[in-house]
file structure27.txt (compact mmCIF, C-alpha atoms and all ligand atoms)
# COMPACT_ATOMS: atom_id res chain seq x y z
CA MET I 1 15.38 84.23 -79.62
CA ALA I 2 16.34 81.04 -77.86
CA HIS I 3 20.00 80.88 -77.01
CA HIS I 4 20.43 77.55 -78.73
CA ASP I 5 19.77 78.87 -82.21
CA ILE I 6 22.81 78.63 -84.42
CA VAL I 7 23.08 82.34 -84.07
CA ALA I 8 20.32 84.52 -82.72
CA GLY I 9 17.64 84.48 -85.35
CA LEU I 10 19.87 84.23 -88.35
CA ASP I 11 19.31 80.52 -88.63
CA ARG I 12 15.66 81.17 -89.46
CA ILE I 13 16.76 83.12 -92.49
CA LEU I 14 19.55 80.72 -93.34
CA THR I 15 17.09 77.85 -93.36
CA LEU I 16 15.29 79.31 -96.31
CA GLU I 17 18.48 80.44 -97.98
CA LEU I 18 19.67 76.86 -97.90
CA VAL I 19 16.83 75.95 -100.23
CA ARG I 20 18.47 77.86 -103.05
CA VAL I 21 21.73 76.07 -102.47
CA VAL I 22 20.29 72.59 -102.86
CA GLU I 23 17.86 73.59 -105.60
CA ARG I 24 20.63 74.85 -107.76
CA ALA I 25 22.85 71.81 -107.22
CA ALA I 26 19.91 69.53 -108.00
CA VAL I 27 19.02 71.33 -111.22
CA ALA I 28 22.60 71.15 -112.41
CA ALA I 29 22.85 67.43 -111.64
CA ALA I 30 19.43 66.71 -113.13
CA ARG I 31 20.58 68.02 -116.49
CA LEU I 32 22.95 65.05 -116.53
CA ARG I 33 20.45 62.44 -115.34
CA GLY I 34 20.63 59.18 -117.18
CA ARG I 35 23.80 59.97 -119.13
CA GLY I 36 25.87 57.26 -117.54
CA ASP I 37 28.46 59.76 -116.37
CA GLU I 38 28.65 59.91 -112.56
CA LYS I 39 31.67 62.15 -112.50
CA ALA I 40 30.23 64.81 -114.77
CA ALA I 41 26.95 64.90 -112.85
CA ASP I 42 28.79 65.23 -109.56
CA GLN I 43 31.05 67.94 -110.90
CA VAL I 44 28.24 70.19 -112.10
CA ALA I 45 26.42 69.71 -108.80
CA VAL I 46 29.55 70.65 -106.87
CA ASP I 47 30.12 73.77 -108.96
CA ALA I 48 26.52 74.86 -108.61
CA MET I 49 26.34 74.24 -104.89
CA ARG I 50 29.60 76.02 -104.25
CA ALA I 51 28.56 79.08 -106.24
CA GLU I 52 25.31 79.42 -104.34
CA LEU I 53 26.87 78.61 -100.97
CA ASN I 54 29.35 81.39 -101.42
CA ARG I 55 26.49 83.87 -101.52
CA LEU I 56 25.33 82.99 -98.01
CA PRO I 57 26.16 85.41 -95.20
CA ILE I 58 28.19 82.92 -93.21
CA ARG I 59 31.73 82.08 -92.28
CA GLY I 60 31.37 78.41 -93.06
CA THR I 61 33.84 75.58 -92.98
CA VAL I 62 33.17 72.39 -94.89
CA VAL I 63 33.60 69.51 -92.45
CA ILE I 64 31.89 66.80 -94.47
CA GLY I 65 32.51 67.40 -98.15
CA GLU I 66 33.83 66.06 -101.38
CA GLY I 67 36.99 64.67 -99.83
CA GLU I 68 40.38 65.65 -98.53
CA ARG I 69 41.92 68.76 -99.95
CA ASP I 70 44.39 66.90 -102.16
CA GLU I 71 41.71 64.76 -103.77
CA ALA I 72 38.87 67.25 -104.17
CA PRO I 73 39.52 70.64 -105.71
CA MET I 74 36.19 72.03 -104.55
CA LEU I 75 34.13 71.73 -101.41
CA TYR I 76 36.94 69.77 -99.82
CA ILE I 77 37.10 69.26 -96.08
CA GLY I 78 38.38 72.45 -94.54
CA GLU I 79 37.32 74.75 -97.39
CA GLU I 80 35.90 78.02 -96.19
CA VAL I 81 32.64 78.99 -97.81
CA GLY I 82 30.17 81.83 -97.60
CA THR I 83 30.66 85.55 -97.89
CA GLY I 84 32.99 85.58 -94.91
CA GLU I 85 30.61 87.74 -92.92
CA GLY I 86 28.16 86.26 -90.48
CA PRO I 87 28.15 83.37 -88.04
CA GLU I 88 30.85 80.75 -87.96
CA VAL I 89 29.27 77.45 -88.87
CA ASP I 90 30.19 73.94 -89.88
CA ILE I 91 28.86 72.56 -93.12
CA ALA I 92 28.21 69.01 -94.19
CA LEU I 93 27.26 68.55 -97.80
CA ASP I 94 26.84 66.16 -100.65
CA PRO I 95 25.95 68.06 -103.82
CA LEU I 96 24.92 64.80 -105.46
CA GLU I 97 24.14 61.96 -103.07
CA GLY I 98 23.77 58.96 -105.32
CA THR I 99 25.93 59.78 -108.33
CA THR I 100 25.29 56.34 -109.79
CA ILE I 101 21.54 56.65 -109.29
CA CYS I 102 21.64 59.94 -111.13
CA ALA I 103 23.77 58.51 -113.93
CA LYS I 104 21.27 55.67 -114.31
CA ASN I 105 18.25 57.89 -113.68
CA LEU I 106 16.97 55.70 -110.85
CA PRO I 107 15.02 56.92 -107.80
CA ASN I 108 16.18 58.96 -104.81
CA ALA I 109 19.24 60.91 -105.91
CA LEU I 110 19.44 64.09 -103.82
CA ALA I 111 21.39 67.29 -103.40
CA VAL I 112 21.90 67.68 -99.63
CA ILE I 113 23.42 70.11 -97.19
CA SER I 114 23.44 70.70 -93.48
CA ILE I 115 24.62 73.67 -91.47
CA ALA I 116 25.50 73.17 -87.84
CA GLU I 117 26.83 75.13 -84.93
CA LYS I 118 30.59 75.26 -85.17
CA GLY I 119 32.34 72.20 -83.77
CA THR I 120 29.20 70.13 -83.26
CA LEU I 121 29.27 67.63 -86.13
CA LEU I 122 31.20 64.39 -86.01
CA TYR I 123 34.21 64.88 -88.24
CA ALA I 124 33.91 61.58 -90.00
CA PRO I 125 36.64 60.29 -92.28
CA ASP I 126 35.53 58.76 -95.56
CA VAL I 127 35.26 55.22 -94.27
CA TYR I 128 32.30 52.94 -93.83
CA MET I 129 29.84 53.35 -91.03
CA GLN I 130 27.53 50.68 -89.69
CA LYS I 131 24.12 52.31 -89.27
CA ILE I 132 20.71 51.67 -87.84
CA ALA I 133 17.86 54.16 -87.96
CA ILE I 134 14.16 54.35 -87.24
CA GLY I 135 11.71 57.20 -87.39
CA PRO I 136 10.11 59.25 -84.60
CA GLY I 137 7.46 58.11 -82.15
CA TYR I 138 9.17 55.05 -80.71
CA PRO I 139 10.46 54.54 -77.17
CA LYS I 140 14.10 55.48 -76.73
CA GLY I 141 16.49 52.59 -77.17
CA LEU I 142 13.94 50.42 -79.01
CA VAL I 143 16.59 49.33 -81.48
CA ASP I 144 20.28 48.91 -80.84
CA ILE I 145 23.18 48.57 -83.24
CA ASP I 146 24.62 45.73 -81.15
CA ALA I 147 21.41 43.73 -80.96
CA SER I 148 20.65 41.22 -83.71
CA ALA I 149 18.67 42.41 -86.72
CA LYS I 150 16.08 39.85 -85.70
CA ASP I 151 15.59 41.37 -82.25
CA ASN I 152 15.55 44.91 -83.56
CA ILE I 153 12.90 44.04 -86.09
CA ALA I 154 10.80 42.16 -83.57
CA ASN I 155 10.93 45.13 -81.19
CA LEU I 156 10.04 47.54 -83.95
CA ALA I 157 7.10 45.48 -85.19
CA LYS I 158 5.79 45.14 -81.65
CA ALA I 159 6.08 48.86 -80.96
CA LYS I 160 4.39 49.66 -84.27
CA GLY I 161 1.68 47.17 -83.46
CA VAL I 162 1.99 45.20 -86.70
CA PRO I 163 3.16 41.73 -87.63
CA VAL I 164 6.80 41.62 -88.77
CA GLU I 165 5.59 40.88 -92.29
CA GLU I 166 4.30 44.45 -92.42
CA VAL I 167 7.68 45.97 -91.65
CA THR I 168 10.02 47.06 -94.43
CA ALA I 169 13.75 47.45 -93.97
CA CYS I 170 15.95 49.46 -96.30
CA ILE I 171 19.39 48.00 -97.02
CA LEU I 172 22.08 48.90 -99.54
CA ASP I 173 22.37 46.20 -102.17
CA ARG I 174 25.95 45.13 -101.62
CA PRO I 175 27.68 41.75 -101.39
CA ARG I 176 28.90 42.74 -97.91
CA HIS I 177 25.28 42.69 -96.75
CA ALA I 178 24.55 39.12 -97.87
CA LYS I 179 24.41 37.77 -94.33
CA LEU I 180 22.41 40.69 -93.00
CA ILE I 181 19.91 40.36 -95.83
CA GLU I 182 19.56 36.66 -95.18
CA GLU I 183 18.98 37.24 -91.47
CA VAL I 184 16.44 39.99 -92.10
CA ARG I 185 14.60 37.92 -94.70
CA SER I 186 14.39 35.01 -92.27
CA THR I 187 12.25 37.19 -90.01
CA GLY I 188 9.66 37.68 -92.71
CA VAL I 189 10.39 41.36 -93.12
CA ALA I 190 10.31 42.91 -96.59
CA ILE I 191 13.53 44.52 -97.75
CA ARG I 192 13.89 47.45 -100.07
CA LEU I 193 17.28 46.97 -101.62
CA ILE I 194 18.73 50.25 -102.77
CA GLY I 195 21.62 50.71 -105.16
CA ASP I 196 22.91 53.88 -103.50
CA GLY I 197 21.58 56.77 -101.53
CA ASP I 198 21.52 55.84 -97.90
CA VAL I 199 21.00 59.43 -96.74
CA ALA I 200 17.57 59.14 -98.35
CA GLY I 201 17.23 55.62 -96.97
CA VAL I 202 17.64 56.86 -93.40
CA ILE I 203 15.39 59.87 -93.90
CA HIS I 204 12.70 57.62 -95.39
CA THR I 205 12.28 55.91 -92.02
CA THR I 206 10.78 59.12 -90.67
CA ASP I 207 7.65 58.77 -92.79
CA PRO I 208 6.87 55.08 -93.36
CA ASP I 209 3.34 55.81 -94.58
CA GLU I 210 4.76 57.85 -97.44
CA THR I 211 7.97 55.96 -98.17
CA GLY I 212 7.14 52.44 -97.10
CA ILE I 213 10.34 52.17 -95.07
CA ASP I 214 10.41 51.53 -91.32
CA ILE I 215 14.03 50.84 -90.55
CA TYR I 216 17.40 51.39 -92.16
CA LEU I 217 20.12 48.80 -91.59
CA GLY I 218 23.63 48.18 -92.82
CA THR I 219 26.90 49.75 -93.73
CA GLY I 220 27.31 52.83 -95.89
CA GLY I 221 29.51 55.88 -96.07
CA ALA I 222 30.37 57.62 -92.79
CA PRO I 223 29.95 61.12 -94.24
CA GLU I 224 26.48 60.11 -95.40
CA GLY I 225 25.81 58.89 -91.86
CA VAL I 226 26.53 62.29 -90.38
CA LEU I 227 24.34 63.99 -92.97
CA ALA I 228 21.51 61.62 -92.20
CA ALA I 229 21.93 62.13 -88.44
CA SER I 230 21.74 65.84 -88.94
CA ALA I 231 18.46 65.47 -90.80
CA LEU I 232 17.01 63.07 -88.26
CA ARG I 233 17.86 65.50 -85.48
CA CYS I 234 15.44 67.92 -87.07
CA ILE I 235 12.56 65.53 -87.81
CA GLY I 236 13.02 63.16 -84.90
CA GLY I 237 13.90 59.52 -84.94
CA GLN I 238 16.70 57.39 -83.64
CA MET I 239 19.99 56.52 -85.22
CA GLN I 240 23.24 54.89 -84.20
CA GLY I 241 26.45 54.63 -86.17
CA ARG I 242 29.81 53.00 -85.74
CA LEU I 243 32.81 53.85 -87.88
CA LEU I 244 34.39 50.79 -89.43
CA LEU I 245 38.05 51.40 -88.75
CA ASP I 246 39.42 48.03 -89.74
CA THR I 247 43.01 49.00 -90.57
CA PRO I 248 45.62 50.90 -88.54
CA GLU I 249 45.67 53.47 -91.32
CA LYS I 250 41.94 54.16 -90.89
CA VAL I 251 42.27 54.30 -87.12
CA ALA I 252 45.05 56.88 -87.52
CA ARG I 253 43.06 58.90 -90.05
CA ALA I 254 40.07 58.97 -87.73
CA ALA I 255 42.25 59.86 -84.75
CA LYS I 256 43.55 62.86 -86.67
CA MET I 257 39.94 63.99 -87.02
CA GLY I 258 39.33 63.63 -83.30
CA VAL I 259 38.07 60.06 -82.98
CA SER I 260 39.78 58.65 -79.90
CA ASP I 261 37.75 55.46 -79.49
CA PRO I 262 37.66 53.56 -82.81
CA ASN I 263 34.85 51.27 -81.63
CA LYS I 264 32.54 53.95 -80.33
CA VAL I 265 28.86 53.77 -81.12
CA TYR I 266 27.60 57.25 -81.91
CA THR I 267 24.01 58.16 -81.29
CA MET I 268 22.25 60.66 -83.52
CA ASN I 269 22.92 63.36 -80.96
CA GLU I 270 26.59 62.50 -80.87
CA MET I 271 26.93 62.70 -84.63
CA ALA I 272 25.15 66.05 -84.62
CA ARG I 273 25.69 67.53 -81.16
CA GLY I 274 24.26 70.97 -81.74
CA GLU I 275 21.38 72.57 -83.57
CA THR I 276 21.32 71.86 -87.28
CA LEU I 277 19.66 73.02 -90.44
CA PHE I 278 19.16 70.49 -93.21
CA ALA I 279 17.95 70.75 -96.78
CA ALA I 280 17.62 68.30 -99.65
CA THR I 281 16.27 68.68 -103.19
CA GLY I 282 15.26 65.70 -105.28
CA VAL I 283 17.38 65.18 -108.38
CA THR I 284 15.62 62.06 -109.61
CA ASP I 285 12.07 61.14 -108.56
CA GLY I 286 12.00 59.57 -105.14
CA ASN I 287 9.80 58.24 -102.39
CA MET I 288 9.68 61.56 -100.60
CA LEU I 289 10.75 64.16 -103.12
CA SER I 290 10.01 64.57 -106.81
CA GLY I 291 12.98 64.98 -109.08
CA VAL I 292 13.69 68.13 -111.04
CA ARG I 293 11.25 68.69 -113.90
CA PHE I 294 12.30 70.61 -116.94
CA GLY I 295 9.12 72.19 -118.24
CA ARG I 296 8.56 74.20 -121.36
CA HIS I 297 8.36 77.41 -119.42
CA ASP I 298 10.10 76.75 -116.16
CA ILE I 299 12.09 74.31 -114.08
CA GLN I 300 10.39 72.73 -111.08
CA THR I 301 12.11 71.58 -107.93
CA HIS I 302 10.98 69.86 -104.76
CA THR I 303 12.90 70.50 -101.58
CA ILE I 304 12.61 69.52 -97.95
CA VAL I 305 14.15 71.88 -95.44
CA MET I 306 14.24 71.66 -91.69
CA ARG I 307 15.57 73.23 -88.56
CA SER I 308 16.27 71.30 -85.40
CA SER I 309 15.72 74.10 -82.91
CA SER I 310 12.07 74.43 -83.91
CA GLY I 311 11.53 71.01 -85.47
CA THR I 312 9.81 72.61 -88.43
CA VAL I 313 9.91 70.57 -91.60
CA ARG I 314 8.97 72.39 -94.79
CA GLU I 315 8.51 71.10 -98.28
CA ILE I 316 9.04 73.68 -100.94
CA LYS I 317 7.96 73.20 -104.51
CA ALA I 318 9.45 75.90 -106.65
CA ARG I 319 9.14 77.00 -110.23
CA HIS I 320 12.22 78.68 -111.60
CA GLN I 321 12.21 80.84 -114.65
CA ASP I 322 15.78 81.96 -114.31
CA MET I 323 17.70 78.74 -113.76
CA ASP I 324 18.55 78.41 -117.44
CA LYS I 325 21.17 81.02 -117.08
CA PHE I 326 23.12 78.85 -114.69
C1 LIG Z 401 26.44 54.64 -99.49
C2 LIG Z 401 25.51 55.29 -100.46
C3 LIG Z 401 26.15 56.43 -101.18
O1 LIG Z 401 28.25 55.26 -100.85
O2 LIG Z 401 26.77 55.49 -98.43
C4 LIG Z 401 27.65 54.17 -100.25
O3 LIG Z 401 24.41 55.81 -99.77
C5 LIG Z 401 28.61 53.35 -99.43
O4 LIG Z 401 29.74 52.94 -100.15
O5 LIG Z 401 25.27 56.97 -102.12
P1 LIG Z 401 29.75 51.70 -101.22
O6 LIG Z 401 29.20 52.22 -102.50
O7 LIG Z 401 31.22 51.34 -101.33
O8 LIG Z 401 28.94 50.59 -100.68
C6 LIG Z 401 27.45 55.95 -101.81
O9 LIG Z 401 27.19 55.04 -102.88
C7 LIG Z 401 28.17 57.18 -102.32
O10 LIG Z 401 29.37 56.86 -102.88
call {"tool": "encode", "arguments": {"input": "structure27.txt", "output": "C-alpha cells"}}
result
Amino acid sequence: MAHHDIVAGLDRILTLELVRVVERAAVAAARLRGRGDEKAADQVAVDAMRAELNRLPIRGTVVIGEGERDEAPMLYIGEEVGTGEGPEVDIALDPLEGTTICAKNLPNALAVISIAEKGTLLYAPDVYMQKIAIGPGYPKGLVDIDASAKDNIANLAKAKGVPVEEVTACILDRPRHAKLIEEVRSTGVAIRLIGDGDVAGVIHTTDPDETGIDIYLGTGGAPEGVLAASALRCIGGQMQGRLLLDTPEKVARAAKMGVSDPNKVYTMNEMARGETLFAATGVTDGNMLSGVRFGRHDIQTHTIVMRSSSGTVREIKARHQDMDKF
C-alpha cells in the first residue's frame, strides 16, 4: 500500500463507508425538502450524519463543521467523532449544503463530507472566501484569482477551443457580486446564477459536458471552499481561494486557527494538503446527482465518492429498504 494513503489500506474501506454517512444525512434532509424550514432540515441532517459517523472506525476530529463549539451543539469544530479506534483523521463536513435550496426544494442541495490526513486541511474560520475554480485538463495556472474575470474567461475559452459565448460561469446570486456579474456578462459568457450551494458549483466545473458549468467565480463561505478543494483534489481541477478577513476581529479569529498571512491566496493543494476522501449525496435533484427519491418500496439515493490517492471517482445509486427506521 502506498505510504501516502491516509492510513495503510484503511482509506479504501473508509471511502465506501463514507457513502453511508452522506446517504443517511441526505435522506433525513430530503424528508424536509420544500417545507420552508432551513433549520429543521439542517438539524435532522446533522443528527443523521453524526450518528452514522460515530460508527466509523476512526479517531476523527471535526475541523470544518457546523460552527464553533458555543454556537453548534453537534458536529462543532473540535468535536471528536468515530468509534475512537482507528486512524486519526481530520473531518470537514456539511450535512446539508444549501439549507435554503432544500427548504425551497430547488436544485443541488447536498450532504457532503471529507476525511483527510490529520493536520492537512486549511482550518478556515466561518468567513467569506473569494474563489475561482476550473475543472481538470487545463494547463496549470490558466486562471488566476488576481487576474480580471475577463482575462480568466478569455484564457479558459481559448484553452477549451471555443468562443467565449460557449463558456458558462457559475456565480452565487448575491448583491455583492453585481460588479463581477456585469464584468462577466460583458465578455459574452453565460452565467448560471445559483441561490446557494457553491460546493456543488465548484464540483460542477469538473464535468462541463454534464453540468454545463466551466468556471466558478465569486465569494462564498470559506468552509465550503475547503470542502470543494478537497473534492477537486480527488477529481482534478484547479482552484484558488482567499479568505476575506476585512475586520481586525476576523484577522484575529483566523490567526487563532493558524492563518498567519490574512491576504494569502491558497491553491487547492494548500487548502487540502494531504490525501483526502470525499463523498456527497444529492438531497434535491441536481446537475450531477439526483436527489433522494422516496419510492413505494424503497428509498433511492445517488452518491459520488472519491479518493485522492487513486483518483477514483465512483457514483453509487442505492436502494434502501431499511432507512425508514431512521
Ligand atoms: C455559499 C453557499 C452556501 O453560504 O457558500 C454561501 O454555497 C455564502 O454565504 O450554501 P452567503 O449566503 O452570505 O452569501 C451558503 O449559502 C451556506 O450558508
call {"tool": "residues_around", "arguments": {"input": "structure27.txt", "residues": "Arg35 of chain I", "least_positions_apart": "4", "cutoff": "9 Å", "atoms": "only C-alpha atoms", "output": "PDB file with C-alpha atoms, keeping the file's coordinate frame"}}
result
ATOM      1  CA  ALA I  41      26.950  64.900-112.850  1.00  0.00           C
ATOM      2  CA  CYS I 102      21.640  59.940-111.130  1.00  0.00           C
ATOM      3  CA  ALA I 103      23.770  58.510-113.930  1.00  0.00           C
ATOM      4  CA  LYS I 104      21.270  55.670-114.310  1.00  0.00           C
ATOM      5  CA  ASN I 105      18.250  57.890-113.680  1.00  0.00           C
TER       6      ASN I 105
END
call {"tool": "residues_near_ligand", "arguments": {"input": "structure27.txt", "ligand": "ligand LIG 401 (chain Z)", "cutoff": "6 Å", "atoms": "only C-alpha atoms and all ligand atoms", "output": "list of chain:residue names"}}
result
I:Glu97, I:Gly98, I:Asp196, I:Gly197, I:Asp198, I:Val199, I:Gly220, I:Gly221, I:Glu224
call {"tool": "write_last_selection", "arguments": {"input": "structure27.txt", "atoms": "C-alpha atoms", "output": "compact mmCIF listing (two decimals), in the coordinates of the input"}}
result
# COMPACT_ATOMS: atom_id res chain seq x y z
CA GLU I 97 24.14 61.96 -103.07
CA GLY I 98 23.77 58.96 -105.32
CA ASP I 196 22.91 53.88 -103.50
CA GLY I 197 21.58 56.77 -101.53
CA ASP I 198 21.52 55.84 -97.90
CA VAL I 199 21.00 59.43 -96.74
CA GLY I 220 27.31 52.83 -95.89
CA GLY I 221 29.51 55.88 -96.07
CA GLU I 224 26.48 60.11 -95.40
call {"tool": "closest_residue", "arguments": {"input": "structure27.txt", "among": "I:Leu245, I:Val259, I:Leu122, I:Ile316", "to": "Ala228 of chain I", "atoms": "all atoms listed in the file"}}
result
I:Leu122
call {"tool": "residues_around", "arguments": {"input": "structure27.txt", "residues": "Gln130 of chain I", "least_positions_apart": "2", "cutoff": "12 Å", "atoms": "only C-alpha atoms", "output": "ChimeraX atom specification"}}
result
/I:127-128,132-133,144-146,171-172,176-177,180,198,216-226,239-245,263-267
call {"tool": "closest_atom_pairs", "arguments": {"input": "structure27.txt", "of": "segment 141-240 of chain I", "to": "segment 278-295 of chain I", "cutoff": "12 Å", "atoms": "all atoms listed in the file", "output": "CSV"}}
result
residue,atom,partner,partner_atom,distance
I:Arg192,CA,I:Asn287,CA,11.8
I:Ile194,CA,I:Gly286,CA,11.7
I:Gly197,CA,I:Gly286,CA,10.6
I:Val199,CA,I:Ala280,CA,9.9
I:Ala200,CA,I:Met288,CA,8.6
I:Gly201,CA,I:Asn287,CA,9.6
I:Val202,CA,I:Met288,CA,11.7
I:Ile203,CA,I:Met288,CA,9.0
I:His204,CA,I:Met288,CA,7.2
I:Thr205,CA,I:Met288,CA,10.6
I:Thr206,CA,I:Met288,CA,10.3
I:Asp207,CA,I:Met288,CA,8.5
I:Pro208,CA,I:Asn287,CA,10.0
I:Asp209,CA,I:Asn287,CA,10.4
I:Glu210,CA,I:Met288,CA,6.9
I:Thr211,CA,I:Asn287,CA,5.1
I:Gly212,CA,I:Asn287,CA,8.3
I:Ile213,CA,I:Asn287,CA,9.5
I:Val226,CA,I:Phe278,CA,11.4
I:Leu227,CA,I:Phe278,CA,8.3
I:Ala228,CA,I:Phe278,CA,9.2
I:Ala229,CA,I:Phe278,CA,10.0
I:Ser230,CA,I:Phe278,CA,6.8
I:Ala231,CA,I:Phe278,CA,5.6
I:Leu232,CA,I:Phe278,CA,9.2
I:Arg233,CA,I:Phe278,CA,9.3
I:Cys234,CA,I:Phe278,CA,7.6
I:Ile235,CA,I:Phe278,CA,9.9
call {"tool": "atom_distance", "arguments": {"input": "structure27.txt", "atom1": "atom CA of Gly237 of chain I", "atom2": "atom CA of Val143 of chain I"}}
result
11.1 Å
call {"tool": "closest_residue", "arguments": {"input": "structure27.txt", "among": "I:Thr15, I:Thr100, I:Ser114, I:Asn108", "to": "Gly34 of chain I", "atoms": "all atoms listed in the file"}}
result
I:Thr100
call {"tool": "residues_around", "arguments": {"input": "structure27.txt", "residues": "segment 55-72 of chain I", "least_positions_apart": "5", "cutoff": "8 Å", "atoms": "only C-alpha atoms", "output": "list in words"}}
result
Leu14, Glu17, Ile77, Gly78, Glu79, Glu80, Val81, Gly82, Thr83, Gly84, Glu85, Gly86, Pro87, Glu88, Val89, Asp90, Ile91, Ala92, Leu93, Asp94, Leu121, Tyr123, Ala124, Asp126 and Pro223 of chain I
call {"tool": "atom_distance", "arguments": {"input": "structure27.txt", "atom1": "atom CA of Val305 of chain I", "atom2": "atom CA of Thr120 of chain I"}}
result
19.4 Å
call {"tool": "closest_residue", "arguments": {"input": "structure27.txt", "among": "I:Asp37, I:Asp42, I:Asp151, I:Glu52", "to": "Arg20 of chain I", "atoms": "only C-alpha atoms"}}
result
I:Glu52
call {"tool": "residues_around", "arguments": {"input": "structure27.txt", "residues": "Arg253 of chain I", "least_positions_apart": "4", "cutoff": "7 Å", "atoms": "all atoms listed in the file", "output": "JSON, numbers by chain"}}
result
{"I": [125, 249, 257]}
call {"tool": "closest_residue", "arguments": {"input": "structure27.txt", "among": "I:Glu275, I:Thr99, I:Ile13, I:Arg307", "to": "Ala40 of chain I", "atoms": "all atoms listed in the file"}}
result
I:Thr99
call {"tool": "atom_distance", "arguments": {"input": "structure27.txt", "atom1": "atom CA of Leu18 of chain I", "atom2": "atom CA of His302 of chain I"}}
result
13.1 Å
call {"tool": "closest_residue", "arguments": {"input": "structure27.txt", "among": "I:Ile299, I:Leu106, I:Ala190, I:Leu53", "to": "Gly36 of chain I", "atoms": "only C-alpha atoms"}}
result
I:Leu106
call {"tool": "closest_residue", "arguments": {"input": "structure27.txt", "among": "I:Met306, I:Asp47, I:Met129, I:Arg319", "to": "Pro262 of chain I", "atoms": "all atoms listed in the file"}}
result
I:Met129
call {"tool": "decode", "arguments": {"input": "structure27.txt", "residues": "segment 9-44 of chain I", "atoms": "C-alpha atoms", "output": "mmCIF file, in the first residue's frame"}}
result
data_model
loop_
_atom_site.group_PDB
_atom_site.id
_atom_site.type_symbol
_atom_site.label_atom_id
_atom_site.label_comp_id
_atom_site.auth_asym_id
_atom_site.auth_seq_id
_atom_site.Cartn_x
_atom_site.Cartn_y
_atom_site.Cartn_z
ATOM 1 C CA GLY I 9 -5.261 0.485 3.170
ATOM 2 C CA LEU I 10 -7.932 1.559 5.572
ATOM 3 C CA ASP I 11 -8.819 4.542 3.455
ATOM 4 C CA ARG I 12 -10.043 2.192 0.734
ATOM 5 C CA ILE I 13 -12.573 0.806 3.148
ATOM 6 C CA LEU I 14 -13.374 4.180 4.653
ATOM 7 C CA THR I 15 -14.148 5.537 1.210
ATOM 8 C CA LEU I 16 -17.079 3.209 0.871
ATOM 9 C CA GLU I 17 -18.107 3.615 4.478
ATOM 10 C CA LEU I 18 -18.387 7.335 3.870
ATOM 11 C CA VAL I 19 -21.189 6.647 1.434
ATOM 12 C CA ARG I 20 -23.448 5.558 4.267
ATOM 13 C CA VAL I 21 -22.687 8.710 6.183
ATOM 14 C CA VAL I 22 -23.779 11.065 3.423
ATOM 15 C CA GLU I 23 -26.656 8.857 2.281
ATOM 16 C CA ARG I 24 -28.205 8.920 5.679
ATOM 17 C CA ALA I 25 -27.810 12.674 6.125
ATOM 18 C CA ALA I 26 -29.316 13.245 2.683
ATOM 19 C CA VAL I 27 -32.328 11.038 3.334
ATOM 20 C CA ALA I 28 -33.030 12.811 6.599
ATOM 21 C CA ALA I 29 -32.784 16.245 4.980
ATOM 22 C CA ALA I 30 -34.817 15.170 1.957
ATOM 23 C CA ARG I 31 -37.762 14.339 4.192
ATOM 24 C CA LEU I 32 -37.901 18.069 4.914
ATOM 25 C CA ARG I 33 -37.461 19.260 1.328
ATOM 26 C CA GLY I 34 -39.723 22.085 0.353
ATOM 27 C CA ARG I 35 -41.076 22.765 3.843
ATOM 28 C CA GLY I 36 -39.622 26.235 4.114
ATOM 29 C CA ASP I 37 -37.759 25.332 7.276
ATOM 30 C CA GLU I 38 -33.981 25.539 6.783
ATOM 31 C CA LYS I 39 -33.173 24.996 10.421
ATOM 32 C CA ALA I 40 -35.210 21.832 10.807
ATOM 33 C CA ALA I 41 -33.768 20.330 7.625
ATOM 34 C CA ASP I 42 -30.241 21.121 8.745
ATOM 35 C CA GLN I 43 -30.845 19.723 12.208
ATOM 36 C CA VAL I 44 -32.080 16.338 11.013
#
